[in-house]
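Engineer: Okay, so here is my_file.pdb, and as you'll see once you scroll down, it has PDB, C-alpha atoms, pLDDT in the B column.
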```pdb
ATOM      1  CA  MET A  16      40.552 -28.940   9.301  1.00 44.00           C
ATOM      2  CA  MET A  17      37.468 -26.781   9.903  1.00 46.00           C
ATOM      3  CA  ASN A  18      36.146 -26.942  13.454  1.00 52.00           C
ATOM      4  CA  ASN A  19      32.505 -27.622  14.261  1.00 51.00           C
ATOM      5  CA  THR A  20      31.764 -23.973  15.082  1.00 46.00           C
ATOM      6  CA  ALA A  21      33.148 -22.750  11.774  1.00 47.00           C
ATOM      7  CA  ALA A  22      31.327 -25.469   9.874  1.00 47.00           C
ATOM      8  CA  SER A  23      28.071 -24.598  11.613  1.00 46.00           C
ATOM      9  CA  GLY A  24      28.528 -20.902  10.846  1.00 48.00           C
ATOM     10  CA  ALA A  25      29.182 -21.674   7.200  1.00 50.00           C
ATOM     11  CA  THR A  26      25.950 -23.624   6.739  1.00 55.00           C
ATOM     12  CA  SER A  27      23.497 -21.872   9.084  1.00 53.00           C
ATOM     13  CA  PRO A  28      21.580 -18.809   7.875  1.00 64.00           C
ATOM     14  CA  PRO A  29      22.625 -15.556   9.579  1.00 79.00           C
ATOM     15  CA  ARG A  30      20.406 -14.607  12.515  1.00 78.00           C
ATOM     16  CA  GLY A  31      19.544 -11.300  10.877  1.00 84.00           C
ATOM     17  CA  ARG A  32      18.177 -13.039   7.820  1.00 88.00           C
ATOM     18  CA  ILE A  33      16.142 -15.477   9.888  1.00 87.00           C
ATOM     19  CA  ARG A  34      14.681 -12.583  11.862  1.00 87.00           C
ATOM     20  CA  ARG A  35      13.708 -10.705   8.695  1.00 90.00           C
ATOM     21  CA  GLU A  36      12.132 -13.819   7.180  1.00 92.00           C
ATOM     22  CA  ASN A  37      10.145 -14.544  10.335  1.00 92.00           C
ATOM     23  CA  GLU A  38       8.981 -10.954  10.656  1.00 94.00           C
ATOM     24  CA  THR A  39       7.863 -10.970   7.009  1.00 94.00           C
ATOM     25  CA  ARG A  40       5.919 -14.210   7.515  1.00 95.00           C
ATOM     26  CA  ILE A  41       4.269 -12.828  10.622  1.00 97.00           C
ATOM     27  CA  LEU A  42       3.335  -9.503   8.997  1.00 97.00           C
ATOM     28  CA  GLU A  43       1.888 -11.224   5.924  1.00 96.00           C
ATOM     29  CA  ALA A  44      -0.142 -13.612   8.061  1.00 97.00           C
ATOM     30  CA  ALA A  45      -1.310 -10.789  10.322  1.00 97.00           C
ATOM     31  CA  GLU A  46      -2.444  -8.762   7.325  1.00 97.00           C
ATOM     32  CA  ARG A  47      -4.644 -11.669   6.203  1.00 96.00           C
ATOM     33  CA  VAL A  48      -6.110 -12.283   9.646  1.00 97.00           C
ATOM     34  CA  PHE A  49      -6.734  -8.605  10.449  1.00 97.00           C
ATOM     35  CA  ALA A  50      -8.436  -8.158   7.061  1.00 96.00           C
ATOM     36  CA  GLU A  51     -10.737 -11.116   7.730  1.00 95.00           C
ATOM     37  CA  THR A  52     -11.577 -10.568  11.401  1.00 94.00           C
ATOM     38  CA  GLY A  53     -10.515  -7.037  12.310  1.00 94.00           C
ATOM     39  CA  LEU A  54      -8.336  -6.216  15.281  1.00 95.00           C
ATOM     40  CA  ALA A  55     -10.949  -7.180  17.867  1.00 94.00           C
ATOM     41  CA  GLY A  56     -11.630 -10.586  16.342  1.00 95.00           C
ATOM     42  CA  ALA A  57      -8.012 -11.538  15.681  1.00 96.00           C
ATOM     43  CA  THR A  58      -5.911 -13.546  18.114  1.00 96.00           C
ATOM     44  CA  MET A  59      -2.179 -14.115  18.262  1.00 96.00           C
ATOM     45  CA  ALA A  60      -2.888 -17.855  18.064  1.00 96.00           C
ATOM     46  CA  GLN A  61      -4.734 -17.394  14.742  1.00 97.00           C
ATOM     47  CA  ILE A  62      -1.910 -15.306  13.326  1.00 97.00           C
ATOM     48  CA  ALA A  63       0.722 -17.763  14.522  1.00 96.00           C
ATOM     49  CA  GLN A  64      -1.152 -20.618  12.839  1.00 96.00           C
ATOM     50  CA  ALA A  65      -1.444 -18.617   9.596  1.00 96.00           C
ATOM     51  CA  ALA A  66       2.287 -17.829   9.728  1.00 96.00           C
ATOM     52  CA  GLY A  67       3.256 -21.400  10.563  1.00 95.00           C
ATOM     53  CA  LEU A  68       5.258 -20.241  13.568  1.00 95.00           C
ATOM     54  CA  PRO A  69       4.996 -20.717  17.349  1.00 95.00           C
ATOM     55  CA  LYS A  70       2.915 -18.054  19.082  1.00 95.00           C
ATOM     56  CA  ALA A  71       5.956 -17.256  21.223  1.00 95.00           C
ATOM     57  CA  ASN A  72       7.709 -15.972  18.088  1.00 93.00           C
ATOM     58  CA  LEU A  73       4.992 -13.380  17.556  1.00 94.00           C
ATOM     59  CA  HIS A  74       5.350 -12.078  21.099  1.00 94.00           C
ATOM     60  CA  TYR A  75       9.148 -12.104  20.772  1.00 95.00           C
ATOM     61  CA  TYR A  76       9.173  -9.989  17.614  1.00 95.00           C
ATOM     62  CA  PHE A  77       6.155  -7.744  18.168  1.00 95.00           C
ATOM     63  CA  GLY A  78       5.166  -7.965  21.827  1.00 95.00           C
ATOM     64  CA  THR A  79       1.387  -7.625  21.750  1.00 96.00           C
ATOM     65  CA  LYS A  80      -1.408  -7.999  19.212  1.00 96.00           C
ATOM     66  CA  GLU A  81      -1.809  -4.224  19.185  1.00 96.00           C
ATOM     67  CA  GLN A  82       1.886  -3.673  18.441  1.00 96.00           C
ATOM     68  CA  LEU A  83       1.692  -6.178  15.598  1.00 97.00           C
ATOM     69  CA  TYR A  84      -1.404  -4.435  14.242  1.00 97.00           C
ATOM     70  CA  GLN A  85       0.413  -1.099  14.397  1.00 95.00           C
ATOM     71  CA  ALA A  86       3.347  -2.605  12.485  1.00 95.00           C
ATOM     72  CA  VAL A  87       1.010  -3.919   9.787  1.00 96.00           C
ATOM     73  CA  LEU A  88      -0.659  -0.522   9.378  1.00 95.00           C
ATOM     74  CA  THR A  89       2.643   1.352   9.278  1.00 92.00           C
ATOM     75  CA  GLY A  90       4.038  -1.045   6.693  1.00 93.00           C
ATOM     76  CA  ILE A  91       0.998  -0.534   4.469  1.00 93.00           C
ATOM     77  CA  LEU A  92       1.254   3.255   4.588  1.00 91.00           C
ATOM     78  CA  GLU A  93       4.990   3.241   3.981  1.00 90.00           C
ATOM     79  CA  LEU A  94       4.492   0.994   0.956  1.00 90.00           C
ATOM     80  CA  TRP A  95       1.920   3.359  -0.496  1.00 90.00           C
ATOM     81  CA  LEU A  96       3.834   6.527   0.318  1.00 89.00           C
ATOM     82  CA  ASP A  97       7.049   5.193  -1.192  1.00 90.00           C
ATOM     83  CA  ALA A  98       5.238   5.257  -4.522  1.00 90.00           C
ATOM     84  CA  THR A  99       5.176   9.077  -4.339  1.00 94.00           C
ATOM     85  CA  ASP A 100       8.983   9.200  -4.587  1.00 94.00           C
ATOM     86  CA  MET A 101       8.684   9.610  -8.368  1.00 94.00           C
ATOM     87  CA  ILE A 102       6.938  12.973  -7.832  1.00 97.00           C
ATOM     88  CA  ARG A 103       9.944  15.294  -7.922  1.00 96.00           C
ATOM     89  CA  PRO A 104      10.357  18.880  -9.150  1.00 97.00           C
ATOM     90  CA  GLU A 105      12.430  17.771 -12.134  1.00 96.00           C
ATOM     91  CA  SER A 106      10.046  14.955 -13.101  1.00 96.00           C
ATOM     92  CA  ASP A 107       7.727  15.078 -16.088  1.00 96.00           C
ATOM     93  CA  PRO A 108       4.244  15.545 -14.565  1.00 97.00           C
ATOM     94  CA  ALA A 109       2.573  13.014 -16.864  1.00 96.00           C
ATOM     95  CA  GLU A 110       5.186  10.346 -16.180  1.00 96.00           C
ATOM     96  CA  ALA A 111       5.245  10.975 -12.431  1.00 97.00           C
ATOM     97  CA  ILE A 112       1.486  10.997 -11.928  1.00 97.00           C
ATOM     98  CA  SER A 113       0.818   8.056 -14.232  1.00 96.00           C
ATOM     99  CA  GLY A 114       3.633   6.137 -12.525  1.00 96.00           C
ATOM    100  CA  TYR A 115       2.054   6.804  -9.141  1.00 97.00           C
ATOM    101  CA  VAL A 116      -1.380   5.698 -10.362  1.00 97.00           C
ATOM    102  CA  ARG A 117       0.058   2.503 -11.812  1.00 97.00           C
ATOM    103  CA  ALA A 118       1.920   1.745  -8.587  1.00 96.00           C
ATOM    104  CA  LYS A 119      -1.264   2.189  -6.539  1.00 96.00           C
ATOM    105  CA  MET A 120      -3.207  -0.021  -8.936  1.00 97.00           C
ATOM    106  CA  ARG A 121      -0.530  -2.721  -8.604  1.00 96.00           C
ATOM    107  CA  HIS A 122      -0.840  -2.554  -4.827  1.00 95.00           C
ATOM    108  CA  SER A 123      -4.626  -2.862  -5.091  1.00 96.00           C
ATOM    109  CA  ARG A 124      -4.181  -5.941  -7.242  1.00 96.00           C
ATOM    110  CA  HIS A 125      -1.423  -7.701  -5.324  1.00 95.00           C
ATOM    111  CA  ARG A 126      -2.144  -6.453  -1.787  1.00 94.00           C
ATOM    112  CA  PRO A 127      -5.942  -6.057  -1.646  1.00 95.00           C
ATOM    113  CA  LEU A 128      -6.084  -7.169   1.987  1.00 95.00           C
ATOM    114  CA  ALA A 129      -3.715  -4.360   2.929  1.00 95.00           C
ATOM    115  CA  SER A 130      -6.222  -1.860   1.597  1.00 94.00           C
ATOM    116  CA  LYS A 131      -9.010  -3.587   3.535  1.00 95.00           C
ATOM    117  CA  VAL A 132      -7.055  -3.436   6.816  1.00 96.00           C
ATOM    118  CA  PHE A 133      -6.372   0.258   6.239  1.00 95.00           C
ATOM    119  CA  ALA A 134      -9.969   1.049   5.282  1.00 94.00           C
ATOM    120  CA  ASN A 135     -11.324  -0.733   8.358  1.00 94.00           C
ATOM    121  CA  GLU A 136      -8.952   1.243  10.570  1.00 95.00           C
ATOM    122  CA  LEU A 137     -10.153   4.540   9.104  1.00 95.00           C
ATOM    123  CA  LEU A 138     -13.798   3.531   9.399  1.00 93.00           C
ATOM    124  CA  SER A 139     -13.260   2.880  13.089  1.00 93.00           C
ATOM    125  CA  GLY A 140     -11.872   6.390  13.576  1.00 95.00           C
ATOM    126  CA  ALA A 141      -8.174   5.554  13.045  1.00 94.00           C
ATOM    127  CA  PRO A 142      -7.324   5.058  16.756  1.00 94.00           C
ATOM    128  CA  PHE A 143      -3.995   3.432  15.858  1.00 94.00           C
ATOM    129  CA  LEU A 144      -3.140   5.783  13.002  1.00 92.00           C
ATOM    130  CA  THR A 145      -4.018   9.243  14.276  1.00 92.00           C
ATOM    131  CA  ASP A 146      -0.414  10.327  14.895  1.00 91.00           C
ATOM    132  CA  TYR A 147       0.816   8.824  11.621  1.00 91.00           C
ATOM    133  CA  LEU A 148      -1.938  10.493   9.605  1.00 92.00           C
ATOM    134  CA  GLU A 149      -1.535  13.881  11.275  1.00 93.00           C
ATOM    135  CA  ILE A 150       2.274  13.900  11.094  1.00 93.00           C
ATOM    136  CA  ASP A 151       3.880  11.527   8.592  1.00 91.00           C
ATOM    137  CA  LEU A 152       1.117  11.385   6.009  1.00 93.00           C
ATOM    138  CA  LYS A 153       0.330  15.097   6.281  1.00 95.00           C
ATOM    139  CA  GLN A 154       3.983  16.056   5.837  1.00 95.00           C
ATOM    140  CA  ARG A 155       4.400  13.771   2.828  1.00 94.00           C
ATOM    141  CA  VAL A 156       1.267  15.052   1.130  1.00 96.00           C
ATOM    142  CA  GLU A 157       2.246  18.669   1.814  1.00 97.00           C
ATOM    143  CA  ALA A 158       5.718  18.105   0.339  1.00 97.00           C
ATOM    144  CA  LYS A 159       4.383  16.437  -2.812  1.00 97.00           C
ATOM    145  CA  SER A 160       1.601  19.024  -3.101  1.00 98.00           C
ATOM    146  CA  ARG A 161       4.216  21.787  -3.197  1.00 98.00           C
ATOM    147  CA  ILE A 162       5.882  20.042  -6.124  1.00 98.00           C
ATOM    148  CA  ILE A 163       2.596  19.719  -7.994  1.00 98.00           C
ATOM    149  CA  ALA A 164       1.805  23.366  -7.226  1.00 98.00           C
ATOM    150  CA  GLY A 165       5.153  24.217  -8.782  1.00 98.00           C
ATOM    151  CA  TRP A 166       4.226  22.353 -11.953  1.00 97.00           C
ATOM    152  CA  ILE A 167       0.931  24.247 -12.046  1.00 98.00           C
ATOM    153  CA  ALA A 168       2.702  27.595 -11.617  1.00 98.00           C
ATOM    154  CA  GLU A 169       5.002  26.678 -14.506  1.00 97.00           C
ATOM    155  CA  GLY A 170       1.993  25.929 -16.722  1.00 96.00           C
ATOM    156  CA  ARG A 171       2.858  22.243 -16.957  1.00 96.00           C
ATOM    157  CA  MET A 172      -0.572  21.072 -15.827  1.00 96.00           C
ATOM    158  CA  ALA A 173      -4.049  22.389 -15.061  1.00 97.00           C
ATOM    159  CA  ALA A 174      -4.815  24.396 -11.944  1.00 97.00           C
ATOM    160  CA  LEU A 175      -6.163  22.215  -9.130  1.00 97.00           C
ATOM    161  CA  ASP A 176      -5.785  21.598  -5.411  1.00 98.00           C
ATOM    162  CA  PRO A 177      -3.051  18.930  -5.141  1.00 98.00           C
ATOM    163  CA  ARG A 178      -4.451  17.615  -1.855  1.00 97.00           C
ATOM    164  CA  HIS A 179      -7.792  16.837  -3.461  1.00 98.00           C
ATOM    165  CA  LEU A 180      -5.950  15.248  -6.359  1.00 97.00           C
ATOM    166  CA  PHE A 181      -4.373  12.807  -3.880  1.00 97.00           C
ATOM    167  CA  PHE A 182      -7.753  12.098  -2.270  1.00 97.00           C
ATOM    168  CA  MET A 183      -9.207  11.259  -5.679  1.00 97.00           C
ATOM    169  CA  LEU A 184      -6.236   9.105  -6.671  1.00 97.00           C
ATOM    170  CA  TRP A 185      -6.522   7.099  -3.453  1.00 95.00           C
ATOM    171  CA  GLY A 186     -10.256   6.640  -3.932  1.00 95.00           C
ATOM    172  CA  MET A 187     -10.033   5.557  -7.555  1.00 96.00           C
ATOM    173  CA  THR A 188      -7.187   3.106  -7.122  1.00 96.00           C
ATOM    174  CA  GLN A 189      -8.216   1.574  -3.813  1.00 95.00           C
ATOM    175  CA  THR A 190     -11.785   0.926  -4.943  1.00 96.00           C
ATOM    176  CA  TYR A 191     -10.381  -1.958  -7.008  1.00 96.00           C
ATOM    177  CA  ALA A 192      -9.288  -3.579  -3.745  1.00 95.00           C
ATOM    178  CA  ASP A 193     -11.944  -2.459  -1.263  1.00 95.00           C
ATOM    179  CA  PHE A 194     -14.935  -2.990  -3.571  1.00 95.00           C
ATOM    180  CA  ALA A 195     -13.622  -5.805  -5.767  1.00 94.00           C
ATOM    181  CA  VAL A 196     -16.807  -7.829  -5.262  1.00 95.00           C
ATOM    182  CA  GLN A 197     -18.835  -4.965  -6.724  1.00 96.00           C
ATOM    183  CA  ILE A 198     -16.516  -4.617  -9.706  1.00 96.00           C
ATOM    184  CA  ARG A 199     -16.603  -8.356 -10.400  1.00 95.00           C
ATOM    185  CA  ALA A 200     -20.400  -8.364 -10.210  1.00 97.00           C
ATOM    186  CA  VAL A 201     -20.806  -5.470 -12.641  1.00 97.00           C
ATOM    187  CA  MET A 202     -18.243  -6.904 -15.051  1.00 95.00           C
ATOM    188  CA  ASP A 203     -19.748 -10.404 -14.647  1.00 96.00           C
ATOM    189  CA  VAL A 204     -16.436 -12.144 -13.959  1.00 95.00           C
ATOM    190  CA  GLU A 205     -15.140 -14.305 -11.125  1.00 94.00           C
ATOM    191  CA  SER A 206     -11.839 -12.411 -11.132  1.00 93.00           C
ATOM    192  CA  LEU A 207     -10.138  -9.756 -13.221  1.00 94.00           C
ATOM    193  CA  SER A 208      -7.693 -11.151 -15.751  1.00 95.00           C
ATOM    194  CA  ASP A 209      -4.283  -9.645 -16.461  1.00 95.00           C
ATOM    195  CA  ALA A 210      -5.769  -7.909 -19.491  1.00 96.00           C
ATOM    196  CA  ALA A 211      -8.707  -6.577 -17.453  1.00 96.00           C
ATOM    197  CA  TRP A 212      -6.357  -5.169 -14.830  1.00 96.00           C
ATOM    198  CA  GLU A 213      -4.281  -3.479 -17.513  1.00 96.00           C
ATOM    199  CA  ASP A 214      -7.425  -2.022 -19.086  1.00 96.00           C
ATOM    200  CA  ALA A 215      -8.591  -0.713 -15.699  1.00 97.00           C
ATOM    201  CA  THR A 216      -5.189   0.786 -14.983  1.00 97.00           C
ATOM    202  CA  SER A 217      -5.083   2.460 -18.394  1.00 97.00           C
ATOM    203  CA  GLU A 218      -8.585   3.866 -17.964  1.00 96.00           C
ATOM    204  CA  VAL A 219      -7.853   5.317 -14.533  1.00 97.00           C
ATOM    205  CA  THR A 220      -4.502   6.701 -15.665  1.00 97.00           C
ATOM    206  CA  ALA A 221      -5.961   8.346 -18.763  1.00 96.00           C
ATOM    207  CA  PHE A 222      -8.839   9.827 -16.766  1.00 96.00           C
ATOM    208  CA  VAL A 223      -6.464  11.317 -14.193  1.00 97.00           C
ATOM    209  CA  LEU A 224      -4.125  12.765 -16.801  1.00 97.00           C
ATOM    210  CA  ARG A 225      -7.025  14.375 -18.675  1.00 96.00           C
ATOM    211  CA  GLY A 226      -8.241  15.885 -15.409  1.00 96.00           C
ATOM    212  CA  CYS A 227      -4.762  17.256 -14.787  1.00 97.00           C
ATOM    213  CA  GLY A 228      -4.673  18.772 -18.285  1.00 96.00           C
ATOM    214  CA  ILE A 229      -1.729  16.630 -19.353  1.00 93.00           C
ATOM    215  CA  GLY A 230      -3.410  13.771 -21.184  1.00 69.00           C
ATOM    216  CA  CYS A 231      -6.192  14.321 -23.686  1.00 48.00           C
ATOM    217  CA  GLY A 232      -5.968  11.219 -25.857  1.00 40.00           C
ATOM    218  CA  PRO A 233      -7.805   7.905 -25.462  1.00 39.00           C
ATOM    219  CA  SER A 234      -6.659   5.474 -22.809  1.00 39.00           C
ATOM    220  CA  ALA A 235      -3.677   3.337 -23.703  1.00 39.00           C
ATOM    221  CA  GLY A 236      -4.795   0.281 -25.595  1.00 39.00           C
ATOM    222  CA  GLY A 237      -8.459   1.271 -25.277  1.00 38.00           C
ATOM    223  CA  ALA A 238     -10.744   0.716 -28.205  1.00 34.00           C
ATOM    224  CA  ALA A 239     -13.081   3.398 -29.477  1.00 32.00           C
ATOM    225  CA  ARG A 240     -16.524   3.148 -27.930  1.00 31.00           C
TER     226      ARG A 240
END
```
Could you show the structure in this file as structure tokens?
Structural biologist:
Amino acid sequence: MMNNTAASGATSPPRGRIRRENETRILEAAERVFAETGLAGATMAQIAQAAGLPKANLHYYFGTKEQLYQAVLTGILELWLDATDMIRPESDPAEAISGYVRAKMRHSRHRPLASKVFANELLSGAPFLTDYLEIDLKQRVEAKSRIIAGWIAEGRMAALDPRHLFFMLWGMTQTYADFAVQIRAVMDVESLSDAAWEDATSEVTAFVLRGCGIGCGPSAGGAAR
């Protein structure tokens, strides 16, 4: 006969899973609150309410509001930088760059508040991201820029400064999150449909590939104008 301890262990979720689920709920709630109020205006009580958890849980997992904010920022950057993994020496330049653009456009669509939190941090001088930007981000961009420079040297794409290519890619893709209200106003819609998002992604991708000298045809699915 199974004892009570064994029975309890068989039906209760592992502590590690509970911790991961709680941390995810907290980070998602914090992202929403920080996007709406900024770091200065946010409180741990607001975030706890948004997460549906006791405020004590937030302090247990992240300590202070500033530590939670740092975790949100780091998670956003890691998500975006992971999308550069497809840029490898052996990759096809068109596939790698278009894949990166599409990944960034997906993030702008599904995580627009993440882009807003990041943009607000940069506009305030990046006090919580200085080390990350100057070390982690710089190293990643330098590594991927060397790969792109290799493609250029091999004649696989047009000559350009890979660092400025990244700056332009970030600007083009994140504008769909940071300035969504402007885009909706110009396009006279309340929200972009699935088809509109696909059209936007195709337009940006085609534009980038043409600029890189590896895509000269019309955008995928785009009609002649």
Engineer: If you take only C-alpha atoms and a cut-off of 10 Å, which residues of stretch 152-195 of chain A touch stretch 92-100 of chain A, and what are their nearest atom pairs and distances in Å to one decimal, in chain and number order, as CSV?
Structural biologist:
```
residue,atom,partner,partner_atom,distance
A:Leu152,CA,A:Leu96,CA,8.0
A:Arg155,CA,A:Leu96,CA,7.7
A:Val156,CA,A:Leu96,CA,8.9
A:Lys159,CA,A:Thr99,CA,7.6
A:Trp185,CA,A:Trp95,CA,9.7
```
Engineer: Translate the PyMOL selection byres ((chain A and resi 108) around 10), as applied to the file shown, into an explicit residue set as a ChimeraX atom specification.
Structural biologist: /A:101-107,109-114,162-163,166-167,171-172,224,227,229
Engineer: Please return as a list in words every residue within 12 Å of (3.5, -14.2, 21.3), taking into account only C-alpha atoms and the file's own coordinates.
Structural biologist: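 Counting only C-alpha atoms, I find these residues within 12 Å of (3.5, -14.2, 21.3): Ile41, Thr58, Met59, Ala60, Gln61, Ile62, Ala63, Gln64, Leu68, Pro69, Lys70, Ala71, Asn72, Leu73, His74, Tyr75, Tyr76, Phe77, Gly78, Thr79, Lys80, Glu81, Gln82 and Leu83 of chain A.
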Engineer: Calculate how many Å separate atom CA of A:Ala134 from atom CA of A:Glu51, rounding to one decimal.
Structural biologist: 12.4 Å
Engineer: So that I can check the surroundings of A:Thr220, please list as a tab-separated table (two decimals) with C-alpha atoms, keeping the file's coordinate frame every protein, DNA and RNA residue that reaches within 10 Å of it, counting all atoms listed in the file and ignoring chain neighbours fewer than 3 positions away.
Structural biologist:
```tsv
chain	number	residue	atom	x	y	z
A	109	ALA	CA	2.57	13.01	-16.86
A	112	ILE	CA	1.49	11.00	-11.93
A	113	SER	CA	0.82	8.06	-14.23
A	114	GLY	CA	3.63	6.14	-12.52
A	115	TYR	CA	2.05	6.80	-9.14
A	116	VAL	CA	-1.38	5.70	-10.36
A	117	ARG	CA	0.06	2.50	-11.81
A	120	MET	CA	-3.21	-0.02	-8.94
A	184	LEU	CA	-6.24	9.10	-6.67
A	187	MET	CA	-10.03	5.56	-7.56
A	188	THR	CA	-7.19	3.11	-7.12
A	214	ASP	CA	-7.42	-2.02	-19.09
A	215	ALA	CA	-8.59	-0.71	-15.70
A	216	THR	CA	-5.19	0.79	-14.98
A	217	SER	CA	-5.08	2.46	-18.39
A	223	VAL	CA	-6.46	11.32	-14.19
A	224	LEU	CA	-4.12	12.76	-16.80
A	225	ARG	CA	-7.02	14.38	-18.68
A	226	GLY	CA	-8.24	15.88	-15.41
A	230	GLY	CA	-3.41	13.77	-21.18
A	234	SER	CA	-6.66	5.47	-22.81
A	235	ALA	CA	-3.68	3.34	-23.70
```
Engineer: In terms of the shortest atom-to-atom distance over only C-alpha atoms, which of A:Ala44, A:Met202, A:Ala192, A:Ala57 is closest to A:Lys119?
Structural biologist: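 Nearest candidate to A:Lys119 out of A:Ala44, A:Met202, A:Ala192, A:Ala57: A:Ala192.
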Engineer: Given the file shown, enumerate the residues that the PyMOL selection byres ((chain A and resi 132) around 12) captures and present them as a PyMOL selection string.
Structural biologist: chain A and resi 43+45-54+84-92+126-131+133-139+141+143-144+189+192-193
Engineer: Atom CA of A:Arg199 to atom CA of A:Glu218: how many Å, to one decimal?
Structural biologist: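 That distance, rounded to one decimal, is 16.5 Å.
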Engineer: Centre and edge lengths, as JSON, for the axis-aligned box enclosing every listed atom of stretch 136-151 of chain A with 8 Å of padding on each of the six sides, in Å to one decimal?
Structural biologist:
```
{"center_x": -5.0, "center_y": 7.6, "center_z": 12.7, "size_x": 33.7, "size_y": 28.7, "size_z": 24.2}
```
